[in-house]
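Chemist: start12.csv is reproduced below (CSV, C-alpha atoms).
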```csv
chain,number,residue,atom,x,y,z
A,1,MET,CA,-10.5,-25.2,9.3
A,2,TYR,CA,-6.9,-26.2,8.3
A,3,ASN,CA,-8.2,-27.2,4.8
A,4,CYS,CA,-9.5,-23.7,4.5
A,5,GLU,CA,-6.2,-22.3,5.6
A,6,LYS,CA,-4.4,-24.4,3.1
A,7,ARG,CA,-6.8,-23.3,0.4
A,8,MET,CA,-6.1,-19.7,1.3
A,9,MET,CA,-2.4,-20.1,1.3
A,10,VAL,CA,-2.5,-21.8,-2.1
A,11,SER,CA,-4.6,-19.0,-3.5
A,12,PHE,CA,-2.2,-16.5,-2.1
A,13,HIS,CA,0.7,-18.3,-3.7
A,14,LEU,CA,-1.1,-18.4,-7.1
A,15,ASN,CA,-2.1,-14.8,-6.7
A,16,CYS,CA,1.4,-13.6,-6.0
A,17,LEU,CA,2.2,-14.4,-9.7
A,18,PHE,CA,-0.2,-11.7,-10.7
A,19,VAL,CA,0.5,-9.0,-8.2
A,20,ILE,CA,1.6,-6.0,-10.1
A,21,CYS,CA,2.2,-3.4,-7.4
A,22,ARG,CA,5.9,-4.5,-7.0
A,23,MET,CA,6.5,-4.3,-10.7
A,24,TRP,CA,5.1,-0.8,-10.9
A,25,GLU,CA,7.0,0.2,-7.7
A,26,PHE,CA,10.3,-0.8,-9.4
A,27,SER,CA,9.5,0.4,-12.9
A,28,VAL,CA,8.0,3.9,-12.2
A,29,GLY,CA,11.3,5.5,-11.2
A,30,LEU,CA,13.0,4.2,-14.4
A,31,TYR,CA,10.1,5.4,-16.5
A,32,MET,CA,10.4,8.9,-15.0
A,33,ILE,CA,14.1,9.2,-15.5
A,34,THR,CA,13.7,8.0,-19.1
A,35,LEU,CA,11.1,10.8,-19.7
A,36,TRP,CA,13.4,13.5,-18.2
A,37,PRO,CA,17.0,12.2,-18.3
A,38,ASP,CA,18.6,15.4,-17.2
A,39,SER,CA,17.0,15.6,-13.8
A,40,LEU,CA,15.6,13.6,-10.9
A,41,ILE,CA,12.7,16.0,-10.5
A,42,LEU,CA,10.0,13.6,-11.9
A,43,PRO,CA,10.8,10.6,-9.7
A,44,ALA,CA,11.2,12.8,-6.7
A,45,ILE,CA,7.8,14.4,-7.3
A,46,TYR,CA,6.2,11.0,-7.8
A,47,GLY,CA,7.7,9.7,-4.6
A,48,ALA,CA,6.5,12.7,-2.7
A,49,ILE,CA,2.9,12.5,-4.1
A,50,GLU,CA,2.7,8.7,-3.4
A,51,CYS,CA,3.9,9.1,0.2
A,52,ALA,CA,1.8,12.2,0.9
A,53,SER,CA,-1.4,10.5,-0.5
A,54,THR,CA,-0.8,7.5,1.8
A,55,ALA,CA,-0.2,9.7,4.8
A,56,LEU,CA,-3.3,11.9,4.2
A,57,PHE,CA,-5.8,9.4,2.8
A,58,GLY,CA,-4.6,6.2,4.5
A,59,PRO,CA,-6.8,6.8,7.7
A,60,ILE,CA,-9.8,7.4,5.4
A,61,ILE,CA,-9.1,4.1,3.6
A,62,GLY,CA,-8.8,2.3,6.9
A,63,GLN,CA,-12.1,3.6,8.2
A,64,TRP,CA,-13.8,2.7,4.9
A,65,VAL,CA,-12.5,-0.9,5.1
A,66,GLN,CA,-13.6,-1.2,8.7
A,67,ARG,CA,-17.2,-0.1,7.9
A,68,SER,CA,-17.7,-1.9,4.6
A,69,ALA,CA,-18.5,-5.5,3.7
A,70,TYR,CA,-15.6,-7.7,2.9
A,71,PHE,CA,-16.8,-8.6,-0.6
A,72,LYS,CA,-17.5,-4.9,-1.4
A,73,VAL,CA,-14.0,-4.0,-0.4
A,74,LEU,CA,-12.6,-6.9,-2.4
A,75,ARG,CA,-14.3,-5.8,-5.6
A,76,ILE,CA,-13.6,-2.1,-5.3
A,77,TRP,CA,-10.0,-2.8,-4.3
A,78,LEU,CA,-9.2,-5.1,-7.3
A,79,VAL,CA,-10.9,-3.0,-9.9
A,80,THR,CA,-9.5,0.3,-8.7
A,81,GLN,CA,-6.0,-1.0,-8.3
A,82,ASN,CA,-5.7,-2.6,-11.7
A,83,PHE,CA,-7.6,0.1,-13.5
A,84,SER,CA,-5.3,2.8,-12.0
A,85,PHE,CA,-2.2,1.0,-13.0
A,86,ILE,CA,-3.6,0.4,-16.5
A,87,ILE,CA,-4.2,4.2,-16.9
A,88,ALA,CA,-0.7,4.9,-15.5
A,89,GLY,CA,0.8,2.4,-17.9
A,90,CYS,CA,-1.0,3.8,-20.9
A,91,THR,CA,0.1,7.3,-20.1
A,92,VAL,CA,3.7,6.2,-19.7
A,93,ILE,CA,3.4,4.4,-23.1
A,94,THR,CA,2.1,7.5,-24.7
A,95,LEU,CA,5.0,9.6,-23.2
A,96,LEU,CA,7.6,7.0,-24.2
A,97,PHE,CA,6.3,6.8,-27.8
A,98,SER,CA,6.2,10.6,-28.1
A,99,PRO,CA,9.7,11.7,-26.9
A,100,ALA,CA,9.4,15.0,-28.7
A,101,LEU,CA,6.2,15.9,-26.7
A,102,LYS,CA,8.2,17.7,-24.0
A,103,SER,CA,9.5,20.2,-26.5
A,104,THR,CA,6.6,20.4,-29.0
A,105,ASN,CA,3.7,20.5,-26.5
A,106,PHE,CA,4.9,20.9,-23.0
A,107,THR,CA,1.4,21.4,-21.5
A,108,VAL,CA,0.2,18.0,-22.8
A,109,PHE,CA,3.5,16.5,-21.4
A,110,ILE,CA,2.9,17.9,-18.0
A,111,LEU,CA,-0.8,16.8,-18.0
A,112,LEU,CA,0.2,13.2,-18.8
A,113,VAL,CA,2.8,13.2,-16.1
A,114,ILE,CA,0.2,14.5,-13.6
A,115,LEU,CA,-2.2,11.8,-14.7
A,116,THR,CA,0.5,9.2,-14.2
A,117,ASN,CA,1.2,10.5,-10.7
A,118,ILE,CA,-2.5,10.6,-9.7
A,119,SER,CA,-3.2,7.1,-11.1
A,120,GLY,CA,-0.1,5.7,-9.4
A,121,ALA,CA,-1.2,7.2,-6.1
A,122,ILE,CA,-4.7,5.8,-6.4
A,123,GLY,CA,-3.3,2.4,-7.2
A,124,VAL,CA,-1.1,2.5,-4.1
A,125,LEU,CA,-4.1,3.6,-1.9
A,126,SER,CA,-6.2,0.7,-3.3
A,127,THR,CA,-3.3,-1.7,-2.6
A,128,LEU,CA,-3.4,-0.3,1.0
A,129,ALA,CA,-7.1,-1.2,1.2
A,130,GLY,CA,-6.3,-4.8,0.1
A,131,THR,CA,-3.5,-5.1,2.6
A,132,ILE,CA,-5.7,-4.0,5.5
A,133,LEU,CA,-8.4,-6.4,4.3
A,134,ILE,CA,-6.2,-9.4,4.0
A,135,GLU,CA,-3.5,-9.0,6.6
A,136,ARG,CA,-5.5,-7.2,9.3
A,137,GLU,CA,-9.0,-8.8,8.9
A,138,TRP,CA,-9.0,-12.1,7.1
A,139,VAL,CA,-5.8,-13.5,8.7
A,140,VAL,CA,-7.0,-12.7,12.2
A,141,LEU,CA,-10.3,-14.3,11.6
A,142,ILE,CA,-8.8,-17.5,10.2
A,143,SER,CA,-6.4,-17.8,13.1
A,144,GLU,CA,-9.1,-17.5,15.7
A,145,GLY,CA,-9.5,-20.5,18.0
A,146,HIS,CA,-5.9,-21.7,17.3
A,147,THR,CA,-2.6,-21.2,19.1
A,148,PRO,CA,-0.6,-18.0,18.4
A,149,ASP,CA,1.8,-20.1,16.3
A,150,VAL,CA,-0.8,-20.4,13.6
A,151,LEU,CA,-1.1,-16.6,13.3
A,152,THR,CA,2.7,-16.3,13.2
A,153,LYS,CA,3.0,-18.9,10.5
A,154,ILE,CA,0.3,-17.3,8.3
A,155,ASN,CA,1.9,-13.8,8.7
A,156,SER,CA,5.3,-15.2,7.8
A,157,THR,CA,3.9,-17.0,4.8
A,158,ILE,CA,2.2,-13.9,3.5
A,159,ARG,CA,5.3,-11.8,4.1
A,160,ARG,CA,7.3,-14.5,2.2
A,161,ILE,CA,4.8,-14.2,-0.7
A,162,ASP,CA,5.2,-10.4,-0.8
A,163,LEU,CA,9.0,-10.8,-0.8
A,164,THR,CA,8.8,-13.3,-3.6
A,165,CYS,CA,6.9,-10.8,-5.7
A,166,LYS,CA,9.5,-8.2,-4.7
A,167,LEU,CA,12.2,-10.6,-5.9
A,168,LEU,CA,10.6,-11.6,-9.2
A,169,ALA,CA,9.0,-8.3,-10.3
A,170,PRO,CA,12.2,-6.2,-10.4
A,171,VAL,CA,14.2,-8.9,-12.1
A,172,ILE,CA,11.6,-9.5,-14.8
A,173,SER,CA,11.1,-5.7,-15.4
A,174,GLY,CA,14.8,-5.1,-15.4
A,175,PHE,CA,15.6,-7.7,-18.0
A,176,ILE,CA,12.8,-6.5,-20.2
A,177,MET,CA,14.0,-2.9,-20.0
A,178,SER,CA,17.7,-3.9,-20.6
A,179,PHE,CA,17.4,-6.5,-23.3
A,180,ILE,CA,14.2,-5.4,-25.1
A,181,SER,CA,13.1,-1.8,-24.4
A,182,VAL,CA,11.5,0.5,-21.8
A,183,LYS,CA,8.5,0.7,-24.0
A,184,ALA,CA,8.1,-3.1,-24.0
A,185,SER,CA,8.2,-3.0,-20.2
A,186,ALA,CA,5.4,-0.4,-20.0
A,187,MET,CA,3.3,-2.3,-22.5
A,188,THR,CA,3.9,-5.6,-20.5
A,189,LEU,CA,2.8,-3.8,-17.3
A,190,ALA,CA,-0.4,-2.5,-18.9
A,191,VAL,CA,-1.3,-5.9,-20.4
A,192,TRP,CA,-0.4,-7.7,-17.2
A,193,ASN,CA,-2.9,-5.6,-15.3
A,194,THR,CA,-5.7,-6.2,-17.8
A,195,VAL,CA,-5.3,-10.0,-17.5
A,196,ALA,CA,-4.5,-10.1,-13.8
A,197,VAL,CA,-7.7,-8.4,-12.5
A,198,TRP,CA,-9.8,-11.4,-13.6
A,199,LEU,CA,-7.5,-14.0,-12.1
A,200,GLU,CA,-7.1,-12.1,-8.9
A,201,TYR,CA,-10.9,-11.7,-8.5
A,202,TRP,CA,-11.4,-15.4,-9.1
A,203,LEU,CA,-8.7,-16.4,-6.6
A,204,PHE,CA,-9.8,-14.1,-3.8
A,205,THR,CA,-13.5,-15.0,-4.4
A,206,SER,CA,-12.7,-18.7,-4.0
A,207,VAL,CA,-11.0,-17.9,-0.7
A,208,TYR,CA,-14.0,-15.8,0.5
A,209,THR,CA,-16.5,-18.5,-0.4
A,210,GLY,CA,-14.3,-21.3,0.9
A,211,ILE,CA,-14.1,-19.9,4.4
A,212,PRO,CA,-17.6,-19.4,5.8
A,213,ALA,CA,-16.2,-17.5,8.8
A,214,LEU,CA,-15.3,-14.5,6.6
A,215,ALA,CA,-18.9,-14.1,5.3
A,216,GLU,CA,-20.3,-14.5,8.8
A,217,SER,CA,-18.0,-11.9,10.2
A,218,SER,CA,-18.8,-9.5,7.4
A,219,GLN,CA,-22.5,-10.0,8.0
A,220,ARG,CA,-22.2,-9.4,11.7
A,221,ARG,CA,-20.2,-6.2,11.1
A,222,ILE,CA,-22.8,-4.8,8.6
A,223,SER,CA,-25.6,-5.7,11.0
A,224,ARG,CA,-23.8,-3.8,13.8
A,225,LEU,CA,-23.3,-0.7,11.6
A,226,SER,CA,-26.8,-0.7,10.0
A,227,PRO,CA,-28.8,0.5,13.0
A,228,SER,CA,-26.4,3.5,13.6
A,229,ASP,CA,-26.6,4.3,9.9
A,230,THR,CA,-30.4,4.2,10.0
A,231,VAL,CA,-30.5,6.5,13.0
A,232,GLU,CA,-28.1,8.9,11.4
A,233,MET,CA,-30.2,9.0,8.2
A,234,ALA,CA,-33.4,9.5,10.2
A,235,SER,CA,-32.0,12.3,12.2
A,236,THR,CA,-30.4,14.1,9.3
A,237,PRO,CA,-33.1,16.8,9.0
A,238,ALA,CA,-33.0,17.5,12.7
A,239,GLU,CA,-29.3,17.7,12.6
A,240,ARG,CA,-29.4,20.1,9.7
A,241,ALA,CA,-31.8,22.3,11.5
A,242,GLY,CA,-29.6,22.2,14.6
A,243,LEU,CA,-26.6,23.1,12.4
A,244,ILE,CA,-28.4,26.1,11.0
A,245,SER,CA,-29.4,27.4,14.4
A,246,GLN,CA,-25.9,26.8,15.6
A,247,SER,CA,-24.4,28.7,12.6
A,248,ASP,CA,-26.8,31.7,13.4
A,249,GLU,CA,-25.6,31.7,17.0
A,250,ILE,CA,-22.0,31.5,16.0
A,251,SER,CA,-22.4,34.4,13.6
A,252,VAL,CA,-23.8,36.5,16.5
A,253,SER,CA,-21.5,35.3,19.2
A,254,VAL,CA,-18.3,37.2,19.6
A,255,GLU,CA,-16.5,34.6,21.7
A,256,ILE,CA,-16.3,31.9,19.0
A,257,GLY,CA,-14.4,33.1,16.0
A,258,TRP,CA,-13.5,31.6,12.7
A,259,ARG,CA,-10.2,30.4,13.9
A,260,ARG,CA,-11.7,28.2,16.6
A,261,ARG,CA,-14.2,26.7,14.1
A,262,LEU,CA,-11.4,26.0,11.7
A,263,THR,CA,-9.4,24.4,14.5
A,264,ASP,CA,-12.3,22.2,15.6
A,265,TRP,CA,-13.0,21.1,12.0
A,266,PHE,CA,-9.3,20.3,11.4
A,267,SER,CA,-9.1,18.3,14.6
A,268,LYS,CA,-11.9,16.1,13.5
A,269,THR,CA,-10.4,15.1,10.1
A,270,PRO,CA,-9.5,11.5,9.8
A,271,PHE,CA,-5.8,12.3,9.3
A,272,VAL,CA,-5.5,14.3,12.5
A,273,GLY,CA,-7.7,11.8,14.3
A,274,ALA,CA,-5.6,8.9,13.3
A,275,TRP,CA,-2.4,10.6,14.6
A,276,SER,CA,-4.2,11.5,17.8
A,277,VAL,CA,-5.2,7.8,18.4
A,278,TYR,CA,-1.6,6.7,17.5
A,279,SER,CA,-0.1,9.2,20.0
A,280,GLN,CA,-2.1,7.6,22.8
A,281,GLN,CA,-0.6,4.1,22.2
A,282,ASP,CA,2.1,2.6,24.3
A,283,VAL,CA,4.3,1.9,21.3
A,284,VAL,CA,4.3,5.5,20.0
A,285,LEU,CA,8.0,6.2,20.9
A,286,PRO,CA,9.4,2.9,19.6
A,287,GLY,CA,7.3,3.4,16.5
A,288,VAL,CA,8.8,6.9,15.9
A,289,ALA,CA,12.3,5.6,16.6
A,290,LEU,CA,11.8,2.8,14.0
A,291,ALA,CA,10.5,5.3,11.5
A,292,LEU,CA,13.5,7.5,12.0
A,293,LEU,CA,15.7,4.5,11.3
A,294,TYR,CA,14.2,4.4,7.8
A,295,PHE,CA,14.4,8.2,7.3
A,296,THR,CA,16.8,7.9,4.4
A,297,VAL,CA,16.8,7.7,0.6
A,298,LEU,CA,19.4,4.9,0.7
A,299,SER,CA,16.8,2.2,0.0
A,300,PHE,CA,15.5,0.6,-3.2
A,301,GLY,CA,12.7,3.1,-3.5
A,302,THR,CA,11.6,5.2,-6.5
A,303,LEU,CA,14.3,7.9,-6.1
A,304,MET,CA,17.2,5.6,-5.5
A,305,THR,CA,16.2,3.3,-8.4
A,306,ALA,CA,16.0,6.4,-10.7
A,307,THR,CA,19.4,7.6,-9.4
A,308,LEU,CA,21.1,4.4,-10.1
A,309,GLU,CA,19.7,4.4,-13.6
A,310,TRP,CA,20.8,8.0,-14.0
A,311,LYS,CA,24.3,7.0,-13.0
A,312,GLY,CA,24.4,4.5,-15.9
A,313,ILE,CA,23.7,1.2,-14.0
A,314,PRO,CA,21.7,-1.2,-16.2
A,315,ALA,CA,18.2,-1.9,-15.2
A,316,PHE,CA,18.7,-5.7,-14.9
A,317,VAL,CA,21.6,-5.1,-12.5
A,318,ILE,CA,19.3,-2.9,-10.3
A,319,GLY,CA,16.6,-5.6,-10.5
A,320,ILE,CA,19.0,-8.3,-9.4
A,321,ALA,CA,20.2,-6.2,-6.5
A,322,ARG,CA,16.6,-5.7,-5.4
A,323,GLY,CA,16.1,-9.4,-5.7
A,324,ILE,CA,19.0,-10.2,-3.5
A,325,SER,CA,17.7,-7.9,-0.8
A,326,ALA,CA,14.3,-9.7,-1.1
A,327,ILE,CA,16.0,-13.0,-0.6
A,328,ILE,CA,17.6,-11.7,2.6
A,329,GLY,CA,14.1,-10.6,3.7
A,330,MET,CA,12.7,-14.1,2.9
A,331,ALA,CA,15.3,-15.7,5.1
A,332,ALA,CA,14.1,-13.5,7.9
A,333,THR,CA,10.5,-14.9,7.5
A,334,VAL,CA,11.9,-18.4,7.9
A,335,LEU,CA,14.1,-17.5,10.9
A,336,TYR,CA,11.5,-15.4,12.9
A,337,PRO,CA,9.0,-18.2,13.6
A,338,ILE,CA,11.9,-20.4,14.8
A,339,LEU,CA,13.1,-17.7,17.2
A,340,GLN,CA,9.6,-16.8,18.3
A,341,SER,CA,8.9,-20.4,19.3
A,342,HIS,CA,12.1,-20.6,21.4
A,343,VAL,CA,12.2,-17.0,22.9
A,344,SER,CA,9.7,-14.3,23.4
A,345,THR,CA,8.3,-12.1,20.6
A,346,LEU,CA,10.0,-9.1,22.0
A,347,ARG,CA,13.6,-10.3,21.8
A,348,PRO,CA,13.8,-11.1,18.0
A,349,GLY,CA,12.5,-7.6,17.3
A,350,LEU,CA,15.0,-5.9,19.6
A,351,TRP,CA,17.8,-8.0,18.1
A,352,ALA,CA,16.7,-7.0,14.6
A,353,ILE,CA,16.5,-3.3,15.4
A,354,TRP,CA,19.9,-3.2,17.1
A,355,SER,CA,21.4,-5.1,14.3
A,356,GLN,CA,20.3,-2.5,11.8
A,357,VAL,CA,21.6,0.3,14.0
A,358,ILE,CA,25.0,-1.5,14.3
A,359,LEU,CA,25.2,-2.0,10.6
A,360,CYS,CA,24.3,1.6,9.9
A,361,CYS,CA,27.1,2.8,12.2
A,362,HIS,CA,29.5,0.4,10.6
A,363,PHE,CA,28.8,1.7,7.1
A,364,LEU,CA,28.9,5.3,8.2
A,365,HIS,CA,32.5,4.7,9.4
```
Is it possible to express this structure as structure tokens?
Modeler:
Amino acid sequence: MYNCEKRMMVSFHLNCLFVICRMWEFSVGLYMITLWPDSLILPAIYGAIECASTALFGPIIGQWVQRSAYFKVLRIWLVTQNFSFIIAGCTVITLLFSPALKSTNFTVFILLVILTNISGAIGVLSTLAGTILIEREWVVLISEGHTPDVLTKINSTIRRIDLTCKLLAPVISGFIMSFISVKASAMTLAVWNTVAVWLEYWLFTSVYTGIPALAESSQRRISRLSPSDTVEMASTPAERAGLISQSDEISVSVEIGWRRRLTDWFSKTPFVGAWSVYSQQDVVLPGVALALLYFTVLSFGTLMTATLEWKGIPAFVIGIARGISAIIGMAATVLYPILQSHVSTLRPGLWAIWSQVILCCHFLH
């Protein structure tokens, strides 16, 4: 089992060299401010669309991952993620090579910007599916039968890999933008995605085939879902007839109005259902408090990155600053397992949260 864990970790380390989500996350704000240098409207709109799509469609993605076979999720995730970022990169390249398009054909300019936003949002959603598959499914299965320290070490290693990508991607993109051109950065991103999809597929496939527990768990989950799906398909005509009769009764009944039907339908949507489940958890108040701590634009997100570029700070300087923040995060992944082994899991989290609060109060003064 430990050989499989080592193989998985090696594959993840190799795969981190080809992860493009961090590169796009850093570059998109700089692309948007280059397309419209006089305003922050484009990066602000992109950030809003990306966050809204994750909030609205994230529960649907989670349910789909939970009900689908691992290998199916793996293939759709990789193809969708890379293809979406390829489309986004191509539209950005078209816009960058046609700077007069905003004044000569504003409609085409807006359509290309919309396509970039939609492609980027789809890419982020597909990345979310991959994160759920790897960090919430595969890692838990691999650590079964071992002490909790194994799960802690694997999670810390994966987090360290993510921060390594967060360190390297902005620095590489920033240097390309500063010392070559923004166009070269967009072209590099598009080519990188085209090459990376095959390498990512091979690496994750080797992990899947090298750990039999993953295939066995996927098969058990599909076998559990199949009978319910068969019953659902078999009862579809009866359900349709029932729905028709119910709709006739509703149209006649005075007590049940369209507002109640709309409320019932809205309450059953995945988005509302996910929030309903979350509100029943014991950690709901600490979770909301932690979310409010990050309720700020003073982070290295799309809007702040674009603002720094707008203020004249070179892209490579922004990339280096993001890299330094990633290094600090990597230090935390090394420190946390040590603290967790000597004290409880709760105390390091509380220390970290209060440290952030104290630092925020210090900088406010």
Chemist: Report the distance between atom CA of A:Ile222 and atom CA of A:Ala69 in Å, rounded to one decimal place.
Modeler: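 About the pair atom CA of A:Ile222 and atom CA of A:Ala69: they are 6.6 Å apart.
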Chemist: Closest to A:Thr302 among A:Ser27, A:Ser178, A:Thr205, A:Ser156, using all atoms listed in the file?
Modeler: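 Checking each of A:Ser27, A:Ser178, A:Thr205, A:Ser156 against A:Thr302, counting all atoms listed in the file, the winner is A:Ser27.
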Chemist: Fewer than 2 positions away in the same chain doesn't count, so skip those; otherwise give me all residues within 10 Å of A:Gly130, counting all atoms listed in the file, as a list of chain:residue names.
Modeler: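 Listing them by chain and then by number gives A:Ile61, A:Val65, A:Val73, A:Leu74, A:Arg75, A:Ile76, A:Trp77, A:Leu78, A:Gln81, A:Val124, A:Leu125, A:Ser126, A:Thr127, A:Leu128, A:Ile132, A:Leu133, A:Ile134, A:Glu135, A:Arg136.
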Chemist: Work out how far apart atom CA of A:Pro170 and atom CA of A:Trp310 are and give it in Å to one decimal.
Modeler: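 Pair atom CA of A:Pro170 / atom CA of A:Trp310 returns 17.0 Å.
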Chemist: Within 9 Å of A:Thr91, counting only C-alpha atoms, which residues qualify if same-chain residues fewer than 2 places away don't, as a PyMOL selection string?
Modeler: chain A and resi 86-89+93-96+112-113+115-116
Chemist: Set the distance at 12 Å and use all atoms listed in the file: which residues neighbour A:Val171 once local chain neighbours fewer than 5 positions away are removed? I'd like the list as JSON, numbers by chain.
Modeler: {"A": [22, 23, 26, 27, 164, 165, 166, 176, 177, 178, 179, 185, 314, 315, 316, 317, 318, 319, 320, 321, 322, 323, 324, 325, 326]}
Chemist: Using the selection just defined, write its residues with C-alpha atoms as a PDB file, in the coordinates of the input.
Modeler:
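The resulting file, again38.pdb, is reproduced below:
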```
ATOM      1  CA  ARG A  22       5.900  -4.500  -7.000  1.00  0.00           C
ATOM      2  CA  MET A  23       6.500  -4.300 -10.700  1.00  0.00           C
ATOM      3  CA  PHE A  26      10.300  -0.800  -9.400  1.00  0.00           C
ATOM      4  CA  SER A  27       9.500   0.400 -12.900  1.00  0.00           C
ATOM      5  CA  THR A 164       8.800 -13.300  -3.600  1.00  0.00           C
ATOM      6  CA  CYS A 165       6.900 -10.800  -5.700  1.00  0.00           C
ATOM      7  CA  LYS A 166       9.500  -8.200  -4.700  1.00  0.00           C
ATOM      8  CA  ILE A 176      12.800  -6.500 -20.200  1.00  0.00           C
ATOM      9  CA  MET A 177      14.000  -2.900 -20.000  1.00  0.00           C
ATOM     10  CA  SER A 178      17.700  -3.900 -20.600  1.00  0.00           C
ATOM     11  CA  PHE A 179      17.400  -6.500 -23.300  1.00  0.00           C
ATOM     12  CA  SER A 185       8.200  -3.000 -20.200  1.00  0.00           C
ATOM     13  CA  PRO A 314      21.700  -1.200 -16.200  1.00  0.00           C
ATOM     14  CA  ALA A 315      18.200  -1.900 -15.200  1.00  0.00           C
ATOM     15  CA  PHE A 316      18.700  -5.700 -14.900  1.00  0.00           C
ATOM     16  CA  VAL A 317      21.600  -5.100 -12.500  1.00  0.00           C
ATOM     17  CA  ILE A 318      19.300  -2.900 -10.300  1.00  0.00           C
ATOM     18  CA  GLY A 319      16.600  -5.600 -10.500  1.00  0.00           C
ATOM     19  CA  ILE A 320      19.000  -8.300  -9.400  1.00  0.00           C
ATOM     20  CA  ALA A 321      20.200  -6.200  -6.500  1.00  0.00           C
ATOM     21  CA  ARG A 322      16.600  -5.700  -5.400  1.00  0.00           C
ATOM     22  CA  GLY A 323      16.100  -9.400  -5.700  1.00  0.00           C
ATOM     23  CA  ILE A 324      19.000 -10.200  -3.500  1.00  0.00           C
ATOM     24  CA  SER A 325      17.700  -7.900  -0.800  1.00  0.00           C
ATOM     25  CA  ALA A 326      14.300  -9.700  -1.100  1.00  0.00           C
TER      26      ALA A 326
END
```
Chemist: Could you please determine the separation between atom CA of A:Lys183 and atom CA of A:Ser98 in Å, to one decimal place?
Modeler: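 Interatomic distance here is 11.0 Å.
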Chemist: List the residues sitting within 12 Å of (12.6, 7.5, -14.4) in the file's frame, using only C-alpha atoms, as a VMD selection string.
Modeler: chain A and resid 24 to 47 92 95 to 96 113 177 182 301 to 311 315
Chemist: Determine, counting only C-alpha atoms, which protein, DNA and RNA residues have an atom within 12 Å of an atom of A:Leu151; residues of the same chain fewer than 2 positions away are not included. Present the result as a list of chain:residue names.
Modeler: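 Non-adjacent residues within range: A:Glu5, A:Glu135, A:Arg136, A:Glu137, A:Trp138, A:Val139, A:Val140, A:Leu141, A:Ile142, A:Ser143, A:Glu144, A:Gly145, A:His146, A:Thr147, A:Pro148, A:Asp149, A:Lys153, A:Ile154, A:Asn155, A:Ser156, A:Thr157, A:Ile158, A:Pro337, A:Gln340.
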Chemist: Would you save the residues from that selection as a short mmCIF file (atom, residue, chain, number, x, y, z; two decimals), in the frame of the given file, using C-alpha atoms?
Modeler:
```
data_model
loop_
_atom_site.label_atom_id
_atom_site.label_comp_id
_atom_site.auth_asym_id
_atom_site.auth_seq_id
_atom_site.Cartn_x
_atom_site.Cartn_y
_atom_site.Cartn_z
CA GLU A 5 -6.20 -22.30 5.60
CA GLU A 135 -3.50 -9.00 6.60
CA ARG A 136 -5.50 -7.20 9.30
CA GLU A 137 -9.00 -8.80 8.90
CA TRP A 138 -9.00 -12.10 7.10
CA VAL A 139 -5.80 -13.50 8.70
CA VAL A 140 -7.00 -12.70 12.20
CA LEU A 141 -10.30 -14.30 11.60
CA ILE A 142 -8.80 -17.50 10.20
CA SER A 143 -6.40 -17.80 13.10
CA GLU A 144 -9.10 -17.50 15.70
CA GLY A 145 -9.50 -20.50 18.00
CA HIS A 146 -5.90 -21.70 17.30
CA THR A 147 -2.60 -21.20 19.10
CA PRO A 148 -0.60 -18.00 18.40
CA ASP A 149 1.80 -20.10 16.30
CA LYS A 153 3.00 -18.90 10.50
CA ILE A 154 0.30 -17.30 8.30
CA ASN A 155 1.90 -13.80 8.70
CA SER A 156 5.30 -15.20 7.80
CA THR A 157 3.90 -17.00 4.80
CA ILE A 158 2.20 -13.90 3.50
CA PRO A 337 9.00 -18.20 13.60
CA GLN A 340 9.60 -16.80 18.30
#
```
Chemist: Could you pull stretch 317-334 of chain A out of the block above and save it with C-alpha atoms, as a PDB file, in the first residue's frame?
Modeler:
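Final file, result.pdb:
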```
ATOM      1  CA  VAL A 317       7.211  41.955  -9.537  1.00  0.00           C
ATOM      2  CA  ILE A 318       3.595  40.905  -8.937  1.00  0.00           C
ATOM      3  CA  GLY A 319       4.540  37.325  -9.764  1.00  0.00           C
ATOM      4  CA  ILE A 320       7.447  37.370  -7.320  1.00  0.00           C
ATOM      5  CA  ALA A 321       5.199  38.786  -4.584  1.00  0.00           C
ATOM      6  CA  ARG A 322       2.694  35.998  -5.150  1.00  0.00           C
ATOM      7  CA  GLY A 323       5.536  33.516  -5.066  1.00  0.00           C
ATOM      8  CA  ILE A 324       6.667  34.821  -1.678  1.00  0.00           C
ATOM      9  CA  SER A 325       3.147  34.404  -0.310  1.00  0.00           C
ATOM     10  CA  ALA A 326       3.118  30.827  -1.629  1.00  0.00           C
ATOM     11  CA  ILE A 327       6.419  30.106   0.116  1.00  0.00           C
ATOM     12  CA  ILE A 328       4.890  31.217   3.419  1.00  0.00           C
ATOM     13  CA  GLY A 329       1.968  28.898   2.750  1.00  0.00           C
ATOM     14  CA  MET A 330       4.351  26.025   2.004  1.00  0.00           C
ATOM     15  CA  ALA A 331       6.037  26.626   5.360  1.00  0.00           C
ATOM     16  CA  ALA A 332       2.641  26.151   6.992  1.00  0.00           C
ATOM     17  CA  THR A 333       2.239  22.731   5.332  1.00  0.00           C
ATOM     18  CA  VAL A 334       5.529  21.681   6.922  1.00  0.00           C
TER      19      VAL A 334
END
```
